[in-house]
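Asker: Here's a structure for you.
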There are 2 protein chains.
Amino acid sequence: MSNQKFNVAVVGATGAVGEQIIGLLEKRDFPISKLKLLSSARSAGTVIKFKGQDIVVEEATPDSFAGIDIALFSAGGDVSKEFAPHAVRHGAVCIDNTNAYRMDPNTPLVVPEVNPEMIEEHVGIIANPNCSTIQMVAALKPLQDAYGISRVIVSTYQAVSGAGSKAIEELVRQSKEVLDDHEVEPQILPVGALPVKHQIAFNVIPQIDKFQDNGYTLEEMKMVNETKKIMKDETINVTATCVRVPVVYGHSESVYVELKEEYNLDAVRKLLENSPGITVVDDPTVQAYPLATDAAGKPDVFVGRLRRDLGHSKGLNMWIVSDNLMKGAAWNAVQIAEIIASKHSVHA
Amino acid sequence: MSNQKFNVAVVGATGAVGEQIIGLLEKRDFPISKLKLLSSARSAGTVIKFKGQDIVVEEATPDSFAGIDIALFSAGGDVSKEFAPHAVRHGAVCIDNTNAYRMDPNTPLVVPEVNPEMIEEHVGIIANPNCSTIQMVAALKPLQDAYGISRVIVSTYQAVSGAGSKAIEELVRQSKEVLDDHEVEPQILPVGALPVKHQIAFNVIPQIDKFQDNGYTLEEMKMVNETKKIMKDETINVTATCVRVPVVYGHSESVYVELKEEYNLDAVRKLLENSPGITVVDDPTVQAYPLATDAAGKPDVFVGRLRRDLGHSKGLNMWIVSDNLMKGAAWNAVQIAEIIASKHSVHA
């Protein structure tokens with residue numbers, strides 16, 4: 001790694017993912033020359049501590065990015081669409097955590113354990129995949145390399161933090177209301193921008209993001225399309241059911257994989273144990289399997305409940321859990337930033 | 001229906017399912033001559049109201065069943081194994097809500113919407129299937145008849161009430177502890193009889209019942225084996241991942257079905273709308289789909305999120321929700337009792 005330091009901007013610094021990104025930049029001792037924290041006008045003026053210093057959050061403007069080398073965006077798709085081109089114009093590399101550029105053919109969609117080589121292909125913007133996709137492809141990649149994958153059938157159990165801090169507050173508030181026998185008045189979930197709201201406390205909601213014309217939600221289609229792009233295989237058939245559950249941090253996924261070749265279960269377990277970023281937790285004799293509460297705050301993708309489909313010799317069930325704000329968002333973005341920092345001399 | 005009235009015994013009268021059974025017998029005005037409420041010694045003496053009358057719960061003994069025509073068991077497998085043979089000896093028909101006899105080849109395993117004809121085959125005991133199986137096969141049966149089914153891949157979101165009233169208390173207690181920032185000390189879930197406990201509040205647990213040697217839990221194997229028996233087709237391959245979620249009443253299921261023939265999605269929707277016991281809730285334009293909170297207390301099996309697998313023309317995704325204590329237990333048992341009462345003149 002060069003000794004170069006970088007001017008870094010975090011857009012959406014006061015959001016749930018932005019906070020995690022700032023925390024990781026500090027914890028990882030990212031080679032920062034200057035850290036610029038940006039937000040909407042509403043949150044500008046907030047003071048955030050970074051390595052003992054107070055940094056005042058500024059309102060993002062087209063000229064905020066002058067001199068910035070790396071800009072990490074997590075303030076929603078509209079903000080990325082508005083400001084990422086300005087950051088690129090100023091010479092920054094953007095790592096975008098929103099849906100704005102993920103399916104853009106010119107934008108690499110990167111999970112460092114899966115397709116790190118795509119980082120080199122960027123023309124200014126690198127997209128961070130959707131949280132539910134990241135943890136799944138991290139576990140699928142070793143299987144793809146070893147056996148090939150013909151299809152994936154996934155059902156998710158997604159934490160409310162994926163819908164932002166207002167959704168966390170809503171789960172807490174509703175939970176108290178139910179426990180106190182008060183009436184629940186849903187205000188945010190399943191989708192803030194849509195008219196119908198449903199109770200999330202002591203309930204599960206089979207809708208994440210808006211419905212598409214094909215009957216799938218956008219979240220489900222992200223898993224279908226992003227998986228193909230990240231794994232560079234248009235023939236992998238993914239079908240998804242995405243469900244919000246009353247959990248604060250940590251997405252869990254029940255993933256059924258049909259491999260192209262016969263497999264040995266012990267070999268699959270070893271393969272995953274030796275894969276980067278994966279931690280296997282899988283011992284029925286001591287009731288050990290990945291749990292959202294255990295994954296919270298950790299960077300790993302946890303995999304367990306590995307077992308053969310008893311009726312299909314190429315079918316494999318697994319249970320994949322990861323902190324949606326960490327590997328599912330902030331950590332994946334910071335990993336990409338670290339690779340850029342180690343390989344590229346931006347403004348050399 | 002004959003005008004005959006029946007002597008009915010409810011074993012496990014003070015349990016969660018027993019209470020529902022008693023409530024349904026009253027609400028449905030079941031033709032009862034005498035109602036006998038039985039329990040363990042611990043709960044004997046409890047007074048339960050039935051149609052305005054106080055009934056004292058008695059301890060079950062081998063001779064409790066003298067004169068009983070229909071005995072409904074829901075006090076755990078060991079109690080059924082001990083007492084059902086005595087009930088049969090006394091001439092009663094037993095409807096057993098436990099796992100004790102479900103896979104016994106001489107015992108019909110009945111969901112009235114699926115295989116009511118099997119009721120006639122009983123030799124004293126009729127088994128009520130597992131809750132998670134009942135709601136799934138109710139929705140699968142019309143598809144099996146119309147198209148044939150080659151495989152089913154199911155992931156469940158199961159309510160804590162399926163683990164008994166102590167599990168409900170545990171979810172409530174843990175939820176308060178988390179909200180009050182107190183430490184959580186799990187005591188019951190995932191399996192009361194096993195040493196390791198996990199937090200259920202604001203978490204999901206991919207274990208229901210004990211692990212089998214093949215890596216699946218007993219709950220998962222029930223879905224595999226009971227489905228084949230109820231649907232009378234050993235070739236239906238079911239693979240299941242059963243997960244406990246912090247919901248009190250109502251199991252939700254993400255069910256992927258691969259049919260044997262091509263299908264039309266509108267035809268499938270109409271088929272399900274016209275099927276007994278099924279209520280289709282499926283309108284993305286108004287964010288309508290089945291929810292556990294809506295299903296609680298109702299007898300229906302709710303089906304929604306109907307959509308094609310975009311990569312497999314015979315693949316269908318659906319979301320199936322039902323109250324696990326109602327159709328998943330008490331209501332299915334009372335339905336069987338009603339059919340027996342209408343067709344059989346027990347002790348004629």
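Every chain in the structure tokens has a letter given in the order shown (A, B, ...), and although residue numbers restart at 1 in each chain, ligands are simply numbered from 1 in the order shown.
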Quick one: everything within 12 Å of A:Glu234, counting only C-alpha atoms, minus sequence neighbours fewer than 2 positions away in the same chain. Send it as a PDB file with C-alpha atoms, in the first residue's frame.

Answerer:
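result_17.pdb, freshly written:
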ATOM      1  CA  ILE A 149     -25.123 -22.660  -9.853  1.00  0.00           C
ATOM      2  CA  SER A 150     -28.258 -23.216 -11.900  1.00  0.00           C
ATOM      3  CA  ARG A 151     -30.876 -21.675  -9.635  1.00  0.00           C
ATOM      4  CA  VAL A 224     -32.552 -11.342  -9.116  1.00  0.00           C
ATOM      5  CA  ASN A 225     -30.731  -8.787 -11.260  1.00  0.00           C
ATOM      6  CA  GLU A 226     -27.819  -7.781  -9.040  1.00  0.00           C
ATOM      7  CA  THR A 227     -26.870 -11.413  -8.445  1.00  0.00           C
ATOM      8  CA  LYS A 228     -26.549 -12.005 -12.197  1.00  0.00           C
ATOM      9  CA  LYS A 229     -24.450  -8.871 -12.654  1.00  0.00           C
ATOM     10  CA  ILE A 230     -22.115  -9.431  -9.678  1.00  0.00           C
ATOM     11  CA  MET A 231     -21.617 -13.107 -10.463  1.00  0.00           C
ATOM     12  CA  LYS A 232     -21.268 -12.377 -14.192  1.00  0.00           C
ATOM     13  CA  ILE A 236     -28.295 -18.014 -12.778  1.00  0.00           C
ATOM     14  CA  ASN A 237     -32.018 -18.030 -12.088  1.00  0.00           C
ATOM     15  CA  VAL A 238     -32.845 -16.294  -8.827  1.00  0.00           C
TER      16      VAL A 238
ATOM     17  CA  GLY B 311     -36.799 -18.151 -14.785  1.00  0.00           C
TER      18      GLY B 311
END

Asker: Could you pull the residues within 10 Å of A:Asp209, counting only C-alpha atoms, minus those fewer than 3 positions along the same chain, as a list in words?

Answerer: Ala163, Leu189, Pro190, Val191, Gly192, Ala193, Leu194, Gln212, Tyr216, Thr217, Leu218, Glu219, Glu220 and Cys242 of chain A

Asker: DSSP on the backbone, alpha helix (DSSP H) only: what residues of stretch 59-152 of chain A does that give? Format it as number ranges by chain.

Answerer: A: 77-89, 131-147

Asker: So that I have them on file, write out the residues from the current selection with N, CA, C and O atoms, as a compact mmCIF listing (two decimals), in the first residue's frame.

Answerer:
# COMPACT_ATOMS: atom_id res chain seq x y z
N GLY A 77 -31.10 7.41 -3.48
CA GLY A 77 -30.82 7.40 -4.91
C GLY A 77 -30.87 8.77 -5.55
O GLY A 77 -30.05 9.09 -6.42
N ASP A 78 -31.82 9.61 -5.13
CA ASP A 78 -31.96 10.93 -5.75
C ASP A 78 -30.73 11.79 -5.48
O ASP A 78 -30.26 12.52 -6.37
N VAL A 79 -30.21 11.71 -4.26
CA VAL A 79 -29.02 12.48 -3.90
C VAL A 79 -27.82 12.01 -4.73
O VAL A 79 -27.05 12.81 -5.24
N SER A 80 -27.69 10.68 -4.88
CA SER A 80 -26.58 10.16 -5.68
C SER A 80 -26.69 10.61 -7.13
O SER A 80 -25.70 11.00 -7.75
N LYS A 81 -27.93 10.56 -7.66
CA LYS A 81 -28.11 10.98 -9.06
C LYS A 81 -27.76 12.45 -9.24
O LYS A 81 -27.21 12.85 -10.25
N GLU A 82 -28.08 13.25 -8.21
CA GLU A 82 -27.82 14.69 -8.33
C GLU A 82 -26.32 15.01 -8.18
O GLU A 82 -25.77 15.79 -8.94
N PHE A 83 -25.68 14.38 -7.17
CA PHE A 83 -24.34 14.85 -6.81
C PHE A 83 -23.18 13.97 -7.28
O PHE A 83 -22.06 14.47 -7.43
N ALA A 84 -23.43 12.67 -7.54
CA ALA A 84 -22.30 11.82 -7.95
C ALA A 84 -21.65 12.35 -9.24
O ALA A 84 -20.42 12.38 -9.34
N PRO A 85 -22.44 12.80 -10.23
CA PRO A 85 -21.79 13.35 -11.44
C PRO A 85 -20.88 14.55 -11.13
O PRO A 85 -19.84 14.71 -11.77
N HIS A 86 -21.28 15.37 -10.16
CA HIS A 86 -20.42 16.49 -9.78
C HIS A 86 -19.13 15.99 -9.12
O HIS A 86 -18.05 16.53 -9.38
N ALA A 87 -19.25 14.97 -8.29
CA ALA A 87 -18.06 14.41 -7.64
C ALA A 87 -17.11 13.86 -8.71
O ALA A 87 -15.90 14.08 -8.65
N VAL A 88 -17.69 13.16 -9.68
CA VAL A 88 -16.87 12.59 -10.76
C VAL A 88 -16.20 13.73 -11.55
O VAL A 88 -15.01 13.66 -11.88
N ARG A 89 -16.97 14.77 -11.84
CA ARG A 89 -16.45 15.93 -12.58
C ARG A 89 -15.23 16.52 -11.86
O ARG A 89 -14.28 16.96 -12.49
N CYS A 131 -28.17 -4.66 0.24
CA CYS A 131 -27.76 -5.43 1.42
C CYS A 131 -28.11 -6.91 1.31
O CYS A 131 -27.28 -7.78 1.59
N SER A 132 -29.35 -7.21 0.91
CA SER A 132 -29.77 -8.62 0.89
C SER A 132 -29.01 -9.39 -0.19
O SER A 132 -28.79 -10.60 -0.05
N THR A 133 -28.59 -8.70 -1.24
CA THR A 133 -27.81 -9.37 -2.30
C THR A 133 -26.38 -9.63 -1.84
O THR A 133 -25.83 -10.71 -2.09
N ILE A 134 -25.76 -8.64 -1.19
CA ILE A 134 -24.34 -8.76 -0.82
C ILE A 134 -24.08 -10.02 -0.02
O ILE A 134 -23.20 -10.82 -0.35
N GLN A 135 -24.86 -10.22 1.06
CA GLN A 135 -24.57 -11.36 1.92
C GLN A 135 -24.83 -12.68 1.20
O GLN A 135 -24.14 -13.67 1.44
N MET A 136 -25.80 -12.69 0.30
CA MET A 136 -26.09 -13.93 -0.43
C MET A 136 -24.98 -14.27 -1.41
O MET A 136 -24.48 -15.40 -1.43
N VAL A 137 -24.54 -13.30 -2.22
CA VAL A 137 -23.52 -13.62 -3.23
C VAL A 137 -22.17 -13.94 -2.59
O VAL A 137 -21.40 -14.72 -3.14
N ALA A 138 -21.91 -13.35 -1.42
CA ALA A 138 -20.65 -13.69 -0.73
C ALA A 138 -20.60 -15.19 -0.44
O ALA A 138 -19.55 -15.82 -0.56
N ALA A 139 -21.76 -15.76 -0.08
CA ALA A 139 -21.81 -17.20 0.21
C ALA A 139 -21.96 -18.04 -1.05
O ALA A 139 -21.54 -19.20 -1.10
N LEU A 140 -22.56 -17.45 -2.10
CA LEU A 140 -22.77 -18.23 -3.33
C LEU A 140 -21.50 -18.35 -4.17
O LEU A 140 -21.30 -19.34 -4.88
N LYS A 141 -20.63 -17.33 -4.10
CA LYS A 141 -19.47 -17.28 -4.98
C LYS A 141 -18.59 -18.55 -4.89
O LYS A 141 -18.23 -19.13 -5.94
N PRO A 142 -18.22 -19.01 -3.69
CA PRO A 142 -17.40 -20.23 -3.64
C PRO A 142 -18.11 -21.43 -4.26
O PRO A 142 -17.47 -22.29 -4.88
N LEU A 143 -19.43 -21.48 -4.13
CA LEU A 143 -20.20 -22.59 -4.72
C LEU A 143 -20.22 -22.47 -6.24
O LEU A 143 -20.12 -23.47 -6.95
N GLN A 144 -20.36 -21.25 -6.72
CA GLN A 144 -20.35 -21.03 -8.17
C GLN A 144 -19.02 -21.49 -8.77
O GLN A 144 -19.00 -22.19 -9.78
N ASP A 145 -17.93 -21.10 -8.11
CA ASP A 145 -16.61 -21.46 -8.63
C ASP A 145 -16.40 -22.98 -8.62
O ASP A 145 -15.77 -23.53 -9.53
N ALA A 146 -16.89 -23.64 -7.58
CA ALA A 146 -16.60 -25.06 -7.43
C ALA A 146 -17.57 -25.96 -8.19
O ALA A 146 -17.17 -27.01 -8.71
N TYR A 147 -18.84 -25.57 -8.26
CA TYR A 147 -19.85 -26.49 -8.83
C TYR A 147 -20.69 -25.87 -9.93
O TYR A 147 -21.36 -26.59 -10.67

Asker: Need to verify the contact set: B:Ile168, 10 Å, only C-alpha atoms, exclusion of same-chain residues closer than 5 positions in sequence. Can you return it as a ChimeraX atom specification?

Answerer: /B:159-163,173-174,188-189,246-249

Asker: Keeping only N, CA, C and O atoms, write those residues as a tab-separated table (two decimals), in the first residue's frame.

Answerer:
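Dumped to selection_15.tsv:
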chain	number	residue	atom	x	y	z
B	159	ALA	N	-45.02	-18.42	14.44
B	159	ALA	CA	-45.33	-17.70	15.67
B	159	ALA	C	-44.93	-18.51	16.90
B	159	ALA	O	-44.92	-19.73	16.88
B	160	VAL	N	-44.62	-17.79	17.97
B	160	VAL	CA	-44.17	-18.45	19.21
B	160	VAL	C	-45.29	-19.24	19.88
B	160	VAL	O	-45.01	-20.17	20.64
B	161	SER	N	-46.56	-18.92	19.61
B	161	SER	CA	-47.64	-19.66	20.24
B	161	SER	C	-47.60	-21.14	19.87
B	161	SER	O	-48.13	-21.97	20.60
B	162	GLY	N	-46.96	-21.47	18.76
B	162	GLY	CA	-46.77	-22.86	18.40
B	162	GLY	C	-45.92	-23.62	19.39
B	162	GLY	O	-45.96	-24.85	19.45
B	163	ALA	N	-45.16	-22.90	20.20
B	163	ALA	CA	-44.34	-23.54	21.23
B	163	ALA	C	-45.00	-23.47	22.60
B	163	ALA	O	-44.36	-23.77	23.61
B	173	ARG	N	-41.93	-11.09	27.73
B	173	ARG	CA	-40.95	-10.71	28.75
B	173	ARG	C	-39.65	-10.20	28.11
B	173	ARG	O	-39.14	-9.13	28.46
B	174	GLN	N	-39.14	-10.96	27.13
B	174	GLN	CA	-37.89	-10.55	26.47
B	174	GLN	C	-38.05	-9.23	25.73
B	174	GLN	O	-37.13	-8.41	25.72
B	188	ILE	N	-36.88	-20.61	27.32
B	188	ILE	CA	-37.76	-21.60	26.69
B	188	ILE	C	-37.33	-21.91	25.25
B	188	ILE	O	-37.06	-23.06	24.90
B	189	LEU	N	-37.29	-20.91	24.43
B	189	LEU	CA	-37.03	-21.13	22.99
B	189	LEU	C	-35.53	-21.25	22.71
B	189	LEU	O	-34.74	-20.71	23.45
B	246	PRO	N	-40.57	-13.47	16.00
B	246	PRO	CA	-41.23	-12.85	17.16
B	246	PRO	C	-42.63	-12.35	16.83
B	246	PRO	O	-42.90	-11.16	16.81
B	247	VAL	N	-43.50	-13.30	16.56
B	247	VAL	CA	-44.92	-13.07	16.27
B	247	VAL	C	-45.68	-13.94	17.27
B	247	VAL	O	-45.21	-15.03	17.61
B	248	VAL	N	-46.82	-13.49	17.76
B	248	VAL	CA	-47.54	-14.28	18.76
B	248	VAL	C	-48.46	-15.31	18.11
B	248	VAL	O	-48.37	-16.50	18.39
B	249	TYR	N	-49.32	-14.84	17.20
B	249	TYR	CA	-50.26	-15.77	16.54
B	249	TYR	C	-50.14	-15.63	15.03
B	249	TYR	O	-50.11	-14.53	14.51

Asker: So which residues touch A:Asn214 within 12 Å, counting only C-alpha atoms, skipping near sequence neighbours fewer than 3 positions away, as a PyMOL selection string?

Answerer: (chain A and resi 210-211+217-218+220-221) or (chain B and resi 265+284-285+305-310)

Asker: Compare B:Gly52, B:Gly304, B:Pro105, B:Gly164 by their minimum atom-to-atom distance to chain A, counting only C-alpha atoms, and give me the closest one.

Answerer: B:Gly304

Asker: Determine, counting only C-alpha atoms, which protein, DNA and RNA residues have an atom within 8 Å of an atom of A:Thr279; residues of the same chain fewer than 3 positions away are not included. Present the result as a PyMOL selection string.

Answerer: chain A and resi 272-273+300-303

Asker: Just want the 7 Å neighbourhood of A:Ile126, counted on only C-alpha atoms, with same-chain residues fewer than 2 positions away dropped. Output as a PyMOL selection string.

Answerer: chain A and resi 94-96+107-109+119+122+124+128

Asker: Restrict the selected residues to N, CA and C atoms and save them as a PDB file, in the first residue's frame.

Answerer:
ATOM      1  N   CYS A  94     -16.515   7.695  -6.862  1.00  0.00           N
ATOM      2  CA  CYS A  94     -17.700   7.588  -5.996  1.00  0.00           C
ATOM      3  C   CYS A  94     -17.982   6.123  -5.686  1.00  0.00           C
ATOM      4  N   ILE A  95     -18.224   5.840  -4.422  1.00  0.00           N
ATOM      5  CA  ILE A  95     -18.729   4.513  -4.036  1.00  0.00           C
ATOM      6  C   ILE A  95     -20.153   4.762  -3.562  1.00  0.00           C
ATOM      7  N   ASP A  96     -21.090   4.274  -4.380  1.00  0.00           N
ATOM      8  CA  ASP A  96     -22.479   4.649  -4.178  1.00  0.00           C
ATOM      9  C   ASP A  96     -23.264   3.496  -3.569  1.00  0.00           C
ATOM     10  N   THR A 107     -21.343   0.984 -14.785  1.00  0.00           N
ATOM     11  CA  THR A 107     -20.969   1.058 -13.367  1.00  0.00           C
ATOM     12  C   THR A 107     -20.706  -0.334 -12.814  1.00  0.00           C
ATOM     13  N   PRO A 108     -19.498  -0.588 -12.332  1.00  0.00           N
ATOM     14  CA  PRO A 108     -19.240  -1.879 -11.684  1.00  0.00           C
ATOM     15  C   PRO A 108     -20.073  -1.995 -10.406  1.00  0.00           C
ATOM     16  N   LEU A 109     -20.585  -3.196 -10.162  1.00  0.00           N
ATOM     17  CA  LEU A 109     -21.376  -3.490  -8.958  1.00  0.00           C
ATOM     18  C   LEU A 109     -20.540  -4.495  -8.178  1.00  0.00           C
ATOM     19  N   ILE A 119     -13.524  -3.431  -9.810  1.00  0.00           N
ATOM     20  CA  ILE A 119     -13.233  -2.084  -9.316  1.00  0.00           C
ATOM     21  C   ILE A 119     -12.408  -1.306 -10.349  1.00  0.00           C
ATOM     22  N   HIS A 122     -14.034   0.933 -13.280  1.00  0.00           N
ATOM     23  CA  HIS A 122     -14.942   2.059 -13.057  1.00  0.00           C
ATOM     24  C   HIS A 122     -14.602   3.261 -13.933  1.00  0.00           C
ATOM     25  N   GLY A 124     -15.664   6.309 -12.736  1.00  0.00           N
ATOM     26  CA  GLY A 124     -16.028   7.357 -11.780  1.00  0.00           C
ATOM     27  C   GLY A 124     -16.918   6.877 -10.660  1.00  0.00           C
ATOM     28  N   ASN A 128     -22.317  -0.074  -4.726  1.00  0.00           N
ATOM     29  CA  ASN A 128     -22.420  -1.045  -3.646  1.00  0.00           C
ATOM     30  C   ASN A 128     -23.764  -1.755  -3.835  1.00  0.00           C
TER      31      ASN A 128
END

Asker: Just give me the gap between atom CA of A:Leu72 and atom CA of A:Asn3 in Å, one decimal is fine.

Answerer: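 Pair atom CA of A:Leu72 / atom CA of A:Asn3 returns 20.8 Å.
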
Asker: If we count only C-alpha atoms, what is near stretch 38-42 of chain B at a cut-off of 7 Å, once residues fewer than 2 positions away on the same chain are taken out, given as a list in words?

Answerer: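 Close residues of stretch 38-42 of chain B: Val10, Val11, Gly12, Ala13, Thr14, Lys36, Ala44, Val57, Glu58, Glu59 and Ala60 of chain B.
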